[in-house]
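What follows is protein34.csv (CSV, C-alpha atoms and all ligand atoms).
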chain,number,residue,atom,x,y,z
A,1,MET,CA,0.3,-28.7,-12.9
A,2,ALA,CA,3.0,-26.6,-11.2
A,3,LYS,CA,3.5,-28.1,-7.7
A,4,ARG,CA,6.3,-25.8,-6.5
A,5,HIS,CA,5.5,-22.1,-6.6
A,6,ASP,CA,5.4,-19.1,-4.3
A,7,TYR,CA,2.0,-17.7,-5.5
A,8,LYS,CA,-0.6,-17.0,-2.8
A,9,PHE,CA,-4.3,-17.1,-3.6
A,10,CYS,CA,-7.3,-15.1,-2.6
A,11,PHE,CA,-11.0,-14.3,-3.3
A,12,GLY,CA,-13.8,-12.2,-1.8
A,13,PRO,CA,-17.0,-13.2,-0.1
A,14,TRP,CA,-18.9,-11.8,-3.1
A,15,ASN,CA,-17.3,-14.5,-5.3
A,16,ILE,CA,-19.5,-17.1,-3.6
A,17,SER,CA,-22.5,-15.4,-5.1
A,18,GLU,CA,-26.1,-16.4,-5.3
A,19,GLY,CA,-26.8,-16.1,-9.0
A,20,GLN,CA,-29.1,-13.1,-9.3
A,21,ASP,CA,-28.8,-10.9,-12.4
A,22,PRO,CA,-30.7,-7.9,-13.7
A,23,TYR,CA,-33.4,-10.2,-15.1
A,24,GLY,CA,-33.9,-12.7,-12.3
A,25,PRO,CA,-33.6,-13.5,-8.6
A,26,PRO,CA,-31.0,-15.6,-6.8
A,27,THR,CA,-30.7,-19.3,-7.8
A,28,ARG,CA,-28.9,-20.4,-4.6
A,29,PRO,CA,-29.7,-19.6,-1.0
A,30,SER,CA,-27.5,-17.0,0.7
A,31,GLN,CA,-24.9,-18.1,3.2
A,32,THR,CA,-23.3,-16.5,6.2
A,33,PHE,CA,-19.9,-14.8,6.2
A,34,ASP,CA,-18.6,-17.5,8.6
A,35,TRP,CA,-19.6,-20.2,6.2
A,36,LYS,CA,-17.8,-18.4,3.3
A,37,LEU,CA,-14.7,-18.0,5.4
A,38,ASP,CA,-14.8,-21.7,6.2
A,39,GLN,CA,-15.0,-22.6,2.5
A,40,LEU,CA,-12.1,-20.4,1.7
A,41,LYS,CA,-10.0,-22.1,4.3
A,42,LYS,CA,-11.2,-25.6,3.3
A,43,LEU,CA,-10.2,-24.8,-0.3
A,44,GLY,CA,-6.7,-23.9,0.9
A,45,PHE,CA,-6.7,-20.2,-0.1
A,46,ASP,CA,-4.5,-17.8,1.8
A,47,ALA,CA,-6.4,-14.6,2.0
A,48,MET,CA,-9.7,-12.9,1.7
A,49,MET,CA,-10.6,-9.5,0.0
A,50,PHE,CA,-13.1,-7.3,1.7
A,51,HIS,CA,-15.5,-4.5,0.7
A,52,ASP,CA,-15.8,-2.2,3.7
A,53,ASP,CA,-19.3,-3.6,4.4
A,54,ASP,CA,-18.2,-7.2,3.9
A,55,ALA,CA,-16.0,-6.5,6.9
A,56,VAL,CA,-18.5,-4.4,8.8
A,57,PRO,CA,-22.1,-4.9,7.6
A,58,ASP,CA,-24.5,-2.0,7.6
A,59,ILE,CA,-21.5,0.3,7.9
A,60,ASP,CA,-23.5,3.6,7.2
A,61,GLY,CA,-25.6,3.2,10.3
A,62,LYS,CA,-22.7,2.6,12.7
A,63,SER,CA,-20.4,5.0,14.7
A,64,ASP,CA,-16.7,5.1,14.1
A,65,ALA,CA,-16.1,3.4,17.5
A,66,GLN,CA,-18.5,0.5,16.6
A,67,ILE,CA,-16.9,0.1,13.1
A,68,ARG,CA,-13.4,-0.2,14.7
A,69,LYS,CA,-14.7,-2.7,17.3
A,70,GLU,CA,-16.3,-4.9,14.7
A,71,ALA,CA,-13.2,-4.7,12.4
A,72,ARG,CA,-11.0,-5.8,15.3
A,73,GLU,CA,-13.3,-8.7,16.1
A,74,LEU,CA,-13.1,-9.7,12.4
A,75,LYS,CA,-9.3,-9.6,12.5
A,76,LYS,CA,-9.4,-11.9,15.4
A,77,ARG,CA,-11.6,-14.4,13.5
A,78,LEU,CA,-9.3,-14.2,10.5
A,79,ASP,CA,-6.3,-14.8,12.8
A,80,ASP,CA,-8.0,-17.8,14.4
A,81,SER,CA,-8.6,-19.2,10.9
A,82,GLY,CA,-5.0,-18.4,9.7
A,83,ILE,CA,-6.4,-16.2,6.9
A,84,THR,CA,-5.0,-12.8,5.9
A,85,ALA,CA,-7.0,-9.8,4.7
A,86,GLU,CA,-5.6,-8.9,1.3
A,87,MET,CA,-7.4,-5.5,0.8
A,88,VAL,CA,-10.3,-3.3,1.8
A,89,ALA,CA,-12.5,-1.5,-0.9
A,90,PRO,CA,-15.1,1.1,-0.1
A,91,ARG,CA,-18.4,0.0,-1.7
A,92,LEU,CA,-19.3,3.4,-3.2
A,93,TRP,CA,-22.0,2.2,-5.6
A,94,PHE,CA,-24.9,1.0,-3.5
A,95,SER,CA,-25.9,4.0,-1.3
A,96,PRO,CA,-28.5,6.6,-2.3
A,97,MET,CA,-25.6,9.1,-1.7
A,98,THR,CA,-23.7,7.7,-4.8
A,99,ILE,CA,-26.5,7.6,-7.4
A,100,ASP,CA,-24.7,10.3,-9.4
A,101,GLY,CA,-21.2,9.1,-8.7
A,102,ALA,CA,-19.2,9.2,-5.5
A,103,TYR,CA,-16.0,11.4,-5.6
A,104,THR,CA,-17.3,13.0,-8.8
A,105,SER,CA,-20.9,13.5,-7.9
A,106,ASN,CA,-22.3,16.9,-8.8
A,107,ASP,CA,-23.7,17.2,-5.2
A,108,PRO,CA,-21.0,18.3,-2.6
A,109,LYS,CA,-22.9,16.5,0.2
A,110,CYS,CA,-22.5,13.2,-1.8
A,111,ARG,CA,-18.8,13.8,-2.4
A,112,LYS,CA,-18.3,14.4,1.3
A,113,TYR,CA,-20.1,11.2,2.1
A,114,ALA,CA,-17.9,9.3,-0.4
A,115,ILE,CA,-14.7,10.7,1.1
A,116,GLU,CA,-15.7,10.1,4.7
A,117,ARG,CA,-16.7,6.5,3.9
A,118,SER,CA,-13.3,6.0,2.2
A,119,LEU,CA,-11.5,7.2,5.2
A,120,ARG,CA,-13.4,4.8,7.4
A,121,SER,CA,-12.4,2.0,4.9
A,122,ILE,CA,-8.8,3.0,5.5
A,123,ASP,CA,-9.4,2.6,9.3
A,124,ILE,CA,-10.8,-0.8,8.7
A,125,ALA,CA,-7.8,-1.7,6.5
A,126,ASN,CA,-5.6,-0.7,9.4
A,127,ASP,CA,-7.5,-2.9,11.8
A,128,LEU,CA,-7.3,-5.8,9.4
A,129,GLU,CA,-3.6,-5.1,8.9
A,130,THR,CA,-3.6,-4.6,5.2
A,131,ASP,CA,-2.1,-1.4,3.6
A,132,ILE,CA,-4.1,-1.8,0.3
A,133,LEU,CA,-7.2,0.2,-0.4
A,134,VAL,CA,-8.7,-1.0,-3.7
A,135,LEU,CA,-10.7,1.7,-5.6
A,136,TRP,CA,-13.0,0.3,-8.2
A,137,LEU,CA,-14.5,3.6,-9.3
A,138,ALA,CA,-17.8,2.1,-10.2
A,139,ARG,CA,-19.9,5.3,-10.8
A,140,GLU,CA,-17.1,7.8,-11.5
A,141,GLY,CA,-18.2,8.4,-15.1
A,142,THR,CA,-21.3,9.4,-16.9
A,143,TYR,CA,-24.4,8.0,-18.7
A,144,LEU,CA,-24.6,11.3,-20.4
A,145,ARG,CA,-21.3,13.2,-21.1
A,146,GLU,CA,-22.9,16.6,-20.8
A,147,SER,CA,-24.0,15.9,-17.2
A,148,LYS,CA,-20.4,16.4,-15.8
A,149,ASN,CA,-17.3,18.4,-16.5
A,150,GLY,CA,-14.6,15.9,-17.3
A,151,ARG,CA,-11.7,18.2,-16.4
A,152,ARG,CA,-13.4,19.0,-13.1
A,153,SER,CA,-14.0,15.3,-12.5
A,154,VAL,CA,-10.2,14.6,-12.8
A,155,GLU,CA,-9.6,17.3,-10.2
A,156,LEU,CA,-12.3,15.9,-7.9
A,157,LEU,CA,-10.7,12.4,-8.1
A,158,VAL,CA,-7.3,13.8,-7.2
A,159,GLU,CA,-8.8,15.8,-4.3
A,160,ALA,CA,-10.4,12.6,-3.0
A,161,PHE,CA,-7.2,10.5,-3.4
A,162,ASP,CA,-5.2,13.3,-1.6
A,163,LYS,CA,-7.5,13.2,1.4
A,164,MET,CA,-7.1,9.4,1.6
A,165,LEU,CA,-3.3,9.7,1.3
A,166,ALA,CA,-3.2,12.4,4.0
A,167,HIS,CA,-5.5,10.4,6.4
A,168,ASP,CA,-2.9,7.6,6.7
A,169,LYS,CA,0.8,7.8,5.9
A,170,THR,CA,1.1,4.1,5.0
A,171,ILE,CA,-2.0,3.3,3.0
A,172,ARG,CA,-1.5,2.5,-0.7
A,173,LEU,CA,-4.4,3.1,-3.2
A,174,ALA,CA,-4.8,0.4,-5.8
A,175,ILE,CA,-7.1,1.8,-8.6
A,176,GLU,CA,-9.0,-0.9,-10.4
A,177,PRO,CA,-9.9,0.5,-13.8
A,178,LYS,CA,-13.0,-0.6,-15.8
A,179,PRO,CA,-14.1,1.1,-19.0
A,180,ASN,CA,-17.8,0.8,-18.6
A,181,GLU,CA,-20.6,-0.9,-16.6
A,182,PRO,CA,-22.4,0.4,-14.6
A,183,MET,CA,-21.5,3.7,-16.4
A,184,ASP,CA,-21.5,4.2,-20.2
A,185,HIS,CA,-18.0,5.7,-19.9
A,186,ALA,CA,-15.7,5.7,-16.9
A,187,TYR,CA,-13.2,8.4,-16.2
A,188,LEU,CA,-10.3,6.0,-15.5
A,189,PRO,CA,-10.9,3.2,-18.0
A,190,THR,CA,-7.4,1.7,-18.2
A,191,ILE,CA,-4.2,1.1,-16.3
A,192,GLY,CA,-2.6,4.0,-18.2
A,193,HIS,CA,-5.2,6.4,-16.9
A,194,ALA,CA,-4.8,5.0,-13.3
A,195,LEU,CA,-1.0,5.5,-13.4
A,196,ALA,CA,-1.2,8.9,-15.0
A,197,ILE,CA,-3.6,10.3,-12.4
A,198,ALA,CA,-1.3,8.9,-9.7
A,199,GLN,CA,1.2,11.6,-10.8
A,200,LEU,CA,-1.2,14.4,-9.9
A,201,THR,CA,-1.6,13.3,-6.3
A,202,ARG,CA,0.4,14.4,-3.3
A,203,ASP,CA,2.2,11.1,-3.1
A,204,PRO,CA,2.4,9.3,-6.5
A,205,ASN,CA,4.4,6.5,-5.0
A,206,ARG,CA,1.4,5.4,-3.0
A,207,VAL,CA,-1.0,5.3,-5.9
A,208,GLY,CA,-0.8,2.2,-8.0
A,209,CYS,CA,-3.3,-0.3,-9.6
A,210,LEU,CA,-5.1,-3.6,-9.7
A,211,ILE,CA,-5.6,-5.3,-13.0
A,212,GLU,CA,-8.8,-7.3,-13.7
A,213,SER,CA,-8.5,-9.5,-16.8
A,214,ALA,CA,-12.2,-8.9,-17.8
A,215,HIS,CA,-11.9,-5.2,-17.4
A,216,ALA,CA,-8.9,-5.0,-19.7
A,217,ILE,CA,-10.7,-7.1,-22.3
A,218,LEU,CA,-13.7,-4.8,-22.0
A,219,ALA,CA,-11.4,-1.9,-22.8
A,220,GLY,CA,-10.3,-3.8,-25.9
A,221,LEU,CA,-6.8,-4.4,-24.4
A,222,ASP,CA,-4.7,-7.5,-23.8
A,223,PRO,CA,-4.5,-8.1,-20.0
A,224,ALA,CA,-0.9,-9.4,-20.4
A,225,ASP,CA,0.1,-6.0,-21.8
A,226,GLU,CA,-1.6,-4.2,-18.9
A,227,ILE,CA,0.4,-6.4,-16.5
A,228,ASP,CA,3.7,-5.7,-18.3
A,229,PHE,CA,2.9,-1.9,-18.3
A,230,ALA,CA,1.9,-1.7,-14.6
A,231,MET,CA,4.9,-3.8,-13.6
A,232,ALA,CA,7.3,-1.7,-15.5
A,233,PHE,CA,6.3,1.1,-13.1
A,234,GLY,CA,6.4,-1.3,-10.1
A,235,LYS,CA,2.8,-0.6,-9.4
A,236,LEU,CA,0.8,-3.8,-9.8
A,237,TRP,CA,-0.2,-4.3,-6.2
A,238,SER,CA,-3.1,-6.7,-6.7
A,239,LEU,CA,-4.7,-8.7,-9.5
A,240,HIS,CA,-8.2,-10.0,-10.3
A,241,LEU,CA,-7.8,-12.9,-12.7
A,242,ASN,CA,-11.0,-14.1,-14.5
A,243,ASP,CA,-12.2,-14.2,-18.1
A,244,GLN,CA,-14.5,-12.4,-20.5
A,245,ASN,CA,-16.0,-13.3,-23.9
A,246,GLY,CA,-15.6,-10.1,-25.9
A,247,LEU,CA,-17.2,-6.8,-25.5
A,248,LYS,CA,-20.4,-7.4,-23.5
A,249,PHE,CA,-21.5,-7.2,-19.8
A,250,ASP,CA,-18.8,-8.0,-17.2
A,251,GLN,CA,-18.9,-11.8,-17.1
A,252,ASP,CA,-16.3,-12.7,-14.4
A,253,LYS,CA,-15.9,-16.1,-15.9
A,254,PRO,CA,-13.4,-18.7,-14.4
A,255,PHE,CA,-9.8,-17.9,-15.4
A,256,GLY,CA,-9.0,-19.3,-18.8
A,257,SER,CA,-12.6,-20.2,-19.6
A,258,SER,CA,-13.0,-18.1,-22.7
A,259,ASN,CA,-9.5,-17.7,-24.1
A,260,LEU,CA,-6.8,-20.1,-22.8
A,261,ARG,CA,-4.1,-18.4,-24.9
A,262,VAL,CA,-4.8,-14.9,-23.4
A,263,ALA,CA,-4.8,-16.5,-19.9
A,264,PHE,CA,-1.4,-18.2,-20.8
A,265,ASN,CA,0.0,-14.9,-21.8
A,266,GLN,CA,-1.1,-13.3,-18.5
A,267,VAL,CA,0.7,-16.0,-16.5
A,268,ARG,CA,3.8,-15.6,-18.6
A,269,ALA,CA,3.7,-11.8,-18.0
A,270,LEU,CA,3.3,-12.4,-14.2
A,271,GLU,CA,6.3,-14.8,-14.3
A,272,ARG,CA,8.6,-12.6,-16.3
A,273,ASN,CA,7.9,-9.6,-14.0
A,274,GLY,CA,8.2,-11.5,-10.7
A,275,TYR,CA,4.6,-10.8,-9.6
A,276,GLY,CA,4.1,-12.0,-6.0
A,277,LYS,CA,7.8,-11.4,-4.9
A,278,HIS,CA,6.7,-8.5,-2.7
A,279,GLY,CA,3.8,-10.3,-1.1
A,280,GLU,CA,1.2,-9.6,-3.8
A,281,TYR,CA,-1.7,-12.1,-4.1
A,282,VAL,CA,-3.4,-13.7,-7.1
A,283,CYS,CA,-7.1,-13.0,-6.5
A,284,PHE,CA,-9.8,-14.6,-8.6
A,285,ASP,CA,-12.7,-12.2,-9.1
A,286,VAL,CA,-14.9,-14.9,-10.6
A,287,HIS,CA,-18.6,-15.8,-10.2
A,288,PRO,CA,-20.4,-19.2,-10.4
A,289,PHE,CA,-22.6,-19.5,-13.5
A,290,ARG,CA,-26.2,-18.7,-12.7
A,291,THR,CA,-27.0,-22.3,-13.5
A,292,THR,CA,-24.6,-23.6,-10.8
A,293,LYS,CA,-26.2,-26.0,-8.3
A,294,VAL,CA,-25.4,-25.6,-4.6
A,295,ASP,CA,-23.3,-28.8,-4.7
A,296,HIS,CA,-20.9,-27.2,-7.2
A,297,TRP,CA,-20.9,-23.7,-5.7
A,298,LEU,CA,-17.1,-23.4,-5.2
A,299,ALA,CA,-16.0,-25.1,-8.4
A,300,HIS,CA,-15.3,-21.8,-10.2
A,301,LEU,CA,-12.7,-20.8,-7.6
A,302,ASP,CA,-11.0,-24.2,-7.4
A,303,ASN,CA,-11.0,-24.5,-11.2
A,304,SER,CA,-9.6,-21.0,-11.7
A,305,ARG,CA,-6.7,-21.8,-9.4
A,306,ARG,CA,-6.2,-25.2,-11.0
A,307,THR,CA,-6.1,-23.6,-14.5
A,308,PHE,CA,-3.7,-21.0,-13.2
A,309,LEU,CA,-1.3,-23.7,-11.9
A,310,HIS,CA,-1.6,-25.7,-15.2
A,311,LEU,CA,-0.8,-22.6,-17.2
A,312,LEU,CA,2.1,-21.8,-14.8
A,313,GLN,CA,3.5,-25.2,-15.7
A,314,LYS,CA,3.0,-24.4,-19.4
A,315,ALA,CA,4.7,-21.0,-19.0
A,316,ARG,CA,7.7,-22.7,-17.2
A,317,THR,CA,8.1,-25.5,-19.8
A,318,PHE,CA,7.6,-23.3,-22.9
A,319,ASP,CA,10.6,-23.8,-25.2
A,320,GLU,CA,12.0,-20.2,-25.0
A,321,LYS,CA,15.1,-21.2,-27.0
A,322,GLU,CA,13.1,-22.5,-29.9
A,323,ALA,CA,10.8,-19.5,-29.6
A,324,GLN,CA,13.8,-17.1,-29.8
A,325,GLN,CA,15.2,-18.8,-32.9
A,326,LEU,CA,11.8,-18.4,-34.6
A,327,ILE,CA,11.6,-14.8,-33.5
A,328,ASN,CA,15.2,-14.2,-34.9
A,329,ASP,CA,14.1,-15.8,-38.2
A,330,ARG,CA,10.8,-13.7,-38.2
A,331,ASN,CA,9.0,-17.0,-38.6
A,332,TYR,CA,5.9,-16.0,-36.6
A,333,ALA,CA,3.7,-18.6,-38.3
A,334,ALA,CA,5.9,-21.3,-36.8
A,335,LEU,CA,5.9,-19.4,-33.4
A,336,ASP,CA,2.1,-19.4,-33.5
A,337,GLN,CA,2.2,-23.2,-34.0
A,338,LEU,CA,4.8,-23.6,-31.2
A,339,VAL,CA,2.4,-21.9,-28.8
A,340,LEU,CA,-0.7,-23.8,-29.9
A,341,HIS,CA,1.0,-27.2,-29.8
A,342,HIS,CA,2.4,-26.4,-26.4
A,343,LEU,CA,-1.0,-25.4,-25.1
A,344,MET,CA,-2.7,-28.5,-26.7
A,345,GLY,CA,0.1,-30.8,-25.4
A,346,CYS,CA,0.9,-32.2,-28.9
A,401,LIG,C1,-16.5,-4.9,-10.4
A,401,LIG,C2,-15.4,-5.5,-9.7
A,401,LIG,C3,-15.4,-5.4,-8.2
A,401,LIG,C4,-14.1,-5.0,-7.6
A,401,LIG,C5,-14.1,-4.9,-6.1
A,401,LIG,O1,-16.5,-5.2,-11.7
A,401,LIG,O2,-14.5,-6.1,-10.3
A,401,LIG,O3,-15.8,-6.6,-7.7
A,401,LIG,O4,-13.2,-6.0,-7.9
A,401,LIG,O5,-14.9,-3.8,-5.7
A,402,MN,MN,-12.6,-6.9,-9.7
Could you render the structure from this file as structure tokens?
Ligand code: XUL
Ligand code: MN
Amino acid sequence: MAKRHDYKFCFGPWNISEGQDPYGPPTRPSQTFDWKLDQLKKLGFDAMMFHDDDAVPDIDGKSDAQIRKEARELKKRLDDSGITAEMVAPRLWFSPMTIDGAYTSNDPKCRKYAIERSLRSIDIANDLETDILVLWLAREGTYLRESKNGRRSVELLVEAFDKMLAHDKTIRLAIEPKPNEPMDHAYLPTIGHALAIAQLTRDPNRVGCLIESAHAILAGLDPADEIDFAMAFGKLWSLHLNDQNGLKFDQDKPFGSSNLRVAFNQVRALERNGYGKHGEYVCFDVHPFRTTKVDHWLAHLDNSRRTFLHLLQKARTFDEKEAQQLINDRNYAALDQLVLHHLMGC
């Protein structure tokens, strides 16, 4: 396992989840935020990710002044624990105001709500001293294509991003694409879409992306290619490593759990592009299996980081010279074996 490295690790309070799914209730009792922060610290992680209402619970019922006060109190608690806030993300998929989408809702009152809530999230990000606002555009898409005008939706997304960029001169928007779930089709399903829409905004340099391994796999793409693509633009500002077994519901499995080789290639892509050199974190957006007992509640986080560090070691000890010779000889059968033997340790 790689002992010397500069990677910093992170997860969110929702990654210590209770096991409910659409077919059944929680299988573990819920825990307080303070307990989760303690666990993060005990595990030796460096930072925490926040939805706006992870930072300030019941945010919709609170005044701006109250929100700012609670965000500052949280910052103090984080400082006392030596933990950084990696990002803030507006949770725009729970409220009755976002049933038909947030920025792309057909109802102007709902669109106004979504933008105002996003501006509040930016204020919270300021108080927590992070300049990253993550936008997972959960309901920006359709169940029924005829229900919205796709061209208009692109314009509405740009309008919303522009308002956020104008609200704060330093905030950076990291779009987290996902092709489906909860929607049938999302408007920004891939990193290519995220980086393309950035060009339509008032400040393209402050619109980048966050790659989640499972979301790329759900789009039928290789997450390592998404990493190389985003980093060629200098726009990979955050990362949700996890795993996904094919095209089904979003599984958020531990990193490397389904496909070790795909995970290995993600680590190689991070290494060759120097991910983390500008302070970016490796976040694990992973969930415990529903079957997990309370005693093993944090294993998926610790295991994901351990697998990452083992694969880092594998990436750093891969015989690049031998690989290059095989590439020059177009002997990809032998290259395939070189990779498999390296991963299997034989
Ligand atoms: C949803 C997802 C979210 C975002 C944060 O699939 O990945 O947890 O990462 O809002
Ligand atoms: Mn995610």
Could you give me, as a tab-separated table, every stretch 238-319 of chain A residue with an atom at most 8 Å from stretch 205-213 of chain A, plus its closest atom pair and distance in Å to one decimal, counting only C-alpha atoms, rows ordered by chain then number?
residue	atom	partner	partner_atom	distance
A:Ser238	CA	A:Leu210	CA	4.8
A:Leu239	CA	A:Ile211	CA	5.0
A:His240	CA	A:Glu212	CA	4.4
A:Leu241	CA	A:Ser213	CA	5.4
A:Asn242	CA	A:Ser213	CA	5.7
A:Asp243	CA	A:Ser213	CA	6.1
A:Gln244	CA	A:Ser213	CA	7.6
A:Asp285	CA	A:Glu212	CA	7.8
Export of prior selection with C-alpha atoms as a PDB file, keeping the file's coordinate frame:
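Now in result33.pdb:
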ATOM      1  CA  SER A 238      -3.100  -6.700  -6.700  1.00  0.00           C
ATOM      2  CA  LEU A 239      -4.700  -8.700  -9.500  1.00  0.00           C
ATOM      3  CA  HIS A 240      -8.200 -10.000 -10.300  1.00  0.00           C
ATOM      4  CA  LEU A 241      -7.800 -12.900 -12.700  1.00  0.00           C
ATOM      5  CA  ASN A 242     -11.000 -14.100 -14.500  1.00  0.00           C
ATOM      6  CA  ASP A 243     -12.200 -14.200 -18.100  1.00  0.00           C
ATOM      7  CA  GLN A 244     -14.500 -12.400 -20.500  1.00  0.00           C
ATOM      8  CA  ASP A 285     -12.700 -12.200  -9.100  1.00  0.00           C
TER       9      ASP A 285
END
Expected residue set, 12 Å radius at (1.4, -10.1, 2.7), all atoms listed in the file, as an MDAnalysis selection string: chainID A and resid 7:10 46:48 83:87 128:132 237:238 276:282
List all protein, DNA and RNA residues that have an atom no more than 8 Å from any atom of ligand LIG 401 (chain A), counting only C-alpha atoms and all ligand atoms, and report them as a PDB file with C-alpha atoms, in the frame of the given file.
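Listed below is the output, selection.pdb:
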ATOM      1  CA  TRP A  14     -18.900 -11.800  -3.100  1.00  0.00           C
ATOM      2  CA  HIS A  51     -15.500  -4.500   0.700  1.00  0.00           C
ATOM      3  CA  ALA A  89     -12.500  -1.500  -0.900  1.00  0.00           C
ATOM      4  CA  PRO A  90     -15.100   1.100  -0.100  1.00  0.00           C
ATOM      5  CA  ARG A  91     -18.400   0.000  -1.700  1.00  0.00           C
ATOM      6  CA  VAL A 134      -8.700  -1.000  -3.700  1.00  0.00           C
ATOM      7  CA  LEU A 135     -10.700   1.700  -5.600  1.00  0.00           C
ATOM      8  CA  TRP A 136     -13.000   0.300  -8.200  1.00  0.00           C
ATOM      9  CA  ALA A 138     -17.800   2.100 -10.200  1.00  0.00           C
ATOM     10  CA  GLU A 176      -9.000  -0.900 -10.400  1.00  0.00           C
ATOM     11  CA  LYS A 178     -13.000  -0.600 -15.800  1.00  0.00           C
ATOM     12  CA  GLU A 181     -20.600  -0.900 -16.600  1.00  0.00           C
ATOM     13  CA  GLU A 212      -8.800  -7.300 -13.700  1.00  0.00           C
ATOM     14  CA  HIS A 215     -11.900  -5.200 -17.400  1.00  0.00           C
ATOM     15  CA  HIS A 240      -8.200 -10.000 -10.300  1.00  0.00           C
ATOM     16  CA  ASP A 250     -18.800  -8.000 -17.200  1.00  0.00           C
ATOM     17  CA  ASP A 252     -16.300 -12.700 -14.400  1.00  0.00           C
ATOM     18  CA  ASP A 285     -12.700 -12.200  -9.100  1.00  0.00           C
TER      19      ASP A 285
END
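With distances restricted to all atoms listed in the file, A:Asp100 is the closest residue to A:Lys148 from A:Leu173, A:Pro189, A:Phe318, A:Asp100.
Distances from A:Asp162, A:Thr27, A:Arg72, A:Phe94 to A:Asp58 were compared using only C-alpha atoms, and the smallest one belongs to A:Phe94.
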Since fewer atoms than expected are present, regenerate all heavy atoms for stretch 275-280 of chain A and write them as an mmCIF file, keeping the file's coordinate frame.
data_model
loop_
_atom_site.group_PDB
_atom_site.id
_atom_site.type_symbol
_atom_site.label_atom_id
_atom_site.label_comp_id
_atom_site.auth_asym_id
_atom_site.auth_seq_id
_atom_site.Cartn_x
_atom_site.Cartn_y
_atom_site.Cartn_z
ATOM 1 N N TYR A 275 5.776 -11.185 -10.377
ATOM 2 C CA TYR A 275 4.600 -10.800 -9.600
ATOM 3 C C TYR A 275 4.531 -11.739 -8.323
ATOM 4 O O TYR A 275 4.748 -12.957 -8.437
ATOM 5 C CB TYR A 275 3.305 -10.960 -10.374
ATOM 6 C CG TYR A 275 2.094 -10.520 -9.591
ATOM 7 C CD1 TYR A 275 1.770 -9.179 -9.469
ATOM 8 C CD2 TYR A 275 1.276 -11.455 -8.942
ATOM 9 C CE1 TYR A 275 0.665 -8.761 -8.722
ATOM 10 C CE2 TYR A 275 0.166 -11.053 -8.200
ATOM 11 C CZ TYR A 275 -0.132 -9.700 -8.099
ATOM 12 O OH TYR A 275 -1.216 -9.300 -7.358
ATOM 13 N N GLY A 276 4.241 -11.160 -7.194
ATOM 14 C CA GLY A 276 4.100 -12.000 -6.000
ATOM 15 C C GLY A 276 5.372 -11.899 -5.099
ATOM 16 O O GLY A 276 5.349 -12.232 -3.918
ATOM 17 N N LYS A 277 6.477 -11.443 -5.673
ATOM 18 C CA LYS A 277 7.800 -11.400 -4.900
ATOM 19 C C LYS A 277 7.754 -10.435 -3.774
ATOM 20 O O LYS A 277 8.578 -10.508 -2.871
ATOM 21 C CB LYS A 277 8.938 -11.130 -5.855
ATOM 22 C CG LYS A 277 9.142 -12.143 -6.963
ATOM 23 C CD LYS A 277 10.232 -13.158 -6.599
ATOM 24 C CE LYS A 277 10.556 -14.138 -7.720
ATOM 25 N NZ LYS A 277 9.491 -15.066 -8.076
ATOM 26 N N HIS A 278 6.836 -9.460 -3.835
ATOM 27 C CA HIS A 278 6.700 -8.500 -2.700
ATOM 28 C C HIS A 278 5.460 -8.740 -1.920
ATOM 29 O O HIS A 278 4.908 -7.813 -1.335
ATOM 30 C CB HIS A 278 6.798 -7.069 -3.250
ATOM 31 C CG HIS A 278 8.062 -6.779 -3.995
ATOM 32 N ND1 HIS A 278 9.269 -6.631 -3.364
ATOM 33 C CD2 HIS A 278 8.317 -6.674 -5.325
ATOM 34 C CE1 HIS A 278 10.219 -6.431 -4.267
ATOM 35 N NE2 HIS A 278 9.665 -6.454 -5.461
ATOM 36 N N GLY A 279 4.976 -9.976 -1.956
ATOM 37 C CA GLY A 279 3.800 -10.300 -1.100
ATOM 38 C C GLY A 279 2.468 -10.146 -1.814
ATOM 39 O O GLY A 279 1.431 -10.325 -1.177
ATOM 40 N N GLU A 280 2.456 -9.789 -3.117
ATOM 41 C CA GLU A 280 1.200 -9.600 -3.800
ATOM 42 C C GLU A 280 0.436 -10.922 -3.961
ATOM 43 O O GLU A 280 1.061 -11.968 -4.123
ATOM 44 C CB GLU A 280 1.377 -8.980 -5.200
ATOM 45 C CG GLU A 280 2.180 -7.703 -5.234
ATOM 46 C CD GLU A 280 3.679 -7.947 -5.425
ATOM 47 O OE1 GLU A 280 4.141 -9.094 -5.283
ATOM 48 O OE2 GLU A 280 4.398 -6.957 -5.694
#
